[in-house]
Amino acid sequence: MSDLVLRTDRDGLVTLTLNRPDKLNALTVPLFLELRAHVERIASEVDTVGLVVLRGAGRCFSAGNDLAGIADGVQAPTPAFQSETIEMLANLPQPVISAVHGHCYTGALELALAGDLIVAAESARFADTHARWALTPRWGMSQRLPRRVGRSRASLMSFTARTIPGREALAIGLADECVADDGFDAHVEALAREILANSWFSHRANKRLMRETDGLPLAAGLAWEGHRSEGRGPDMQARIAAFTARSASRS
């Protein structure tokens, strides 16, 4: 790999960093090739990876698809390669946090929407600019954005190509949290550790249930949960024992 996507591992947390800072992390076919290789590997590492954070190097998350590459006709290995890669990221067994600072436009927003959670810095700027360039979504915008913010707000973003700052993204439900830039890295780290402290088994099982029942009527979703829930995890007894021991030591 040529380090267009960097991977760092620490205590169950994998951070994937889009690494074209001189080009505002614009998305290219070679970058997606590296991203897919990382995602495929992480999918099989459930015993050692409990959480994934996706972020960008330098000044922003990503300015979006590389327009020069589009104009030059650079081709992916298959017509749906990028959208399939984003879907693979969204369907990782582990939770995924998209940590967004600075630009997050169009293709980059489609990529960020693959995260189970989106954490925004106040500097974050989100936009769907497909219409500005006479393009239409191919990587999931028309499906994931309305599910995040509702159809009317998604329509407003898509029709106007308006830029949404971090605080507004939080208000409309596009971001789950928004924090000051000077505390952004520390906040993402603290959130990651808070999640990792809980059962990785439960995280994977809960994510699977939510994904499998997305869009089902309530009754159907409840029936699915009742029959498909994985119930107790292998770490349940150890967690209860640890809690009991802590409670006893305090009394």
# chains A, B, ... in the order shown; residues from 1 in each chain; ligands from 1
>>> residues_around(residues="stretch 152-161 of chain A", least_positions_apart="2", cutoff="8 Å", atoms="only C-alpha atoms", output="PyMOL selection string")
chain A and resi 127-132+145-146+149-150+163
>>> write_last_selection(atoms="C-alpha atoms", output="PDB file, in the first residue's frame")
ATOM      1  CA  ALA A 127     -22.664  19.490   1.901  1.00  0.00           C
ATOM      2  CA  ASP A 128     -24.206  17.507  -0.931  1.00  0.00           C
ATOM      3  CA  THR A 129     -22.991  19.272  -4.085  1.00  0.00           C
ATOM      4  CA  HIS A 130     -24.022  16.676  -6.672  1.00  0.00           C
ATOM      5  CA  ALA A 131     -26.414  19.146  -8.297  1.00  0.00           C
ATOM      6  CA  ARG A 132     -23.734  21.832  -8.553  1.00  0.00           C
ATOM      7  CA  LEU A 145     -28.958  11.057   4.102  1.00  0.00           C
ATOM      8  CA  PRO A 146     -32.805  10.929   4.305  1.00  0.00           C
ATOM      9  CA  VAL A 149     -32.086  13.791   8.697  1.00  0.00           C
ATOM     10  CA  GLY A 150     -35.474  13.077   7.114  1.00  0.00           C
ATOM     11  CA  THR A 163     -23.105  23.990   3.396  1.00  0.00           C
TER      12      THR A 163
END
>>> residues_around(residues="A:Ala63", least_positions_apart="6", cutoff="6 Å", atoms="only C-alpha atoms", output="JSON, numbers by chain")
{"A": [24, 26, 103, 104, 105]}
>>> write_last_selection(atoms="C-alpha atoms", output="mmCIF file, in the first residue's frame")
data_model
loop_
_atom_site.group_PDB
_atom_site.id
_atom_site.type_symbol
_atom_site.label_atom_id
_atom_site.label_comp_id
_atom_site.auth_asym_id
_atom_site.auth_seq_id
_atom_site.Cartn_x
_atom_site.Cartn_y
_atom_site.Cartn_z
ATOM 1 C CA LEU A 24 -7.741 17.884 1.157
ATOM 2 C CA ALA A 26 -9.975 14.124 -2.107
ATOM 3 C CA HIS A 103 -14.747 19.856 4.735
ATOM 4 C CA CYS A 104 -17.027 16.846 4.275
ATOM 5 C CA TYR A 105 -18.561 17.310 0.851
#
>>> select_by_dssp(residues="stretch 85-152 of chain A", states="helix (DSSP H, G or I)", output="PyMOL selection string")
chain A and resi 85-90+107-112+130-133+141-149+151-152
>>> residues_around(residues="A:Gly140", least_positions_apart="5", cutoff="9 Å", atoms="only C-alpha atoms", output="list in words")
Ser83, Ile86, Glu87, Glu110, Leu111, Leu113, Ala114 and Leu145 of chain A
>>> closest_residue(among="A:Ser199, A:Thr78, A:Thr85, A:Ser229", to="A:Thr213", atoms="only C-alpha atoms")
A:Ser229
>>> closest_residue(among="A:Arg144, A:Arg138, A:Arg7, A:Arg59", to="A:Val100", atoms="only C-alpha atoms")
A:Arg59
>>> residues_around(residues="A:Leu6", least_positions_apart="2", cutoff="7 Å", atoms="only C-alpha atoms", output="list in words")
Asp3, Leu4, Thr8, Leu16, Thr17, Leu18 and Asn19 of chain A
>>> residues_around(residues="A:Ser202", least_positions_apart="5", cutoff="10 Å", atoms="only C-alpha atoms", output="list of chain:residue names")
A:Lys207, A:Arg208, A:Glu230, A:Gly231, A:Arg232, A:Gly233, A:Pro234, A:Asp235, A:Met236
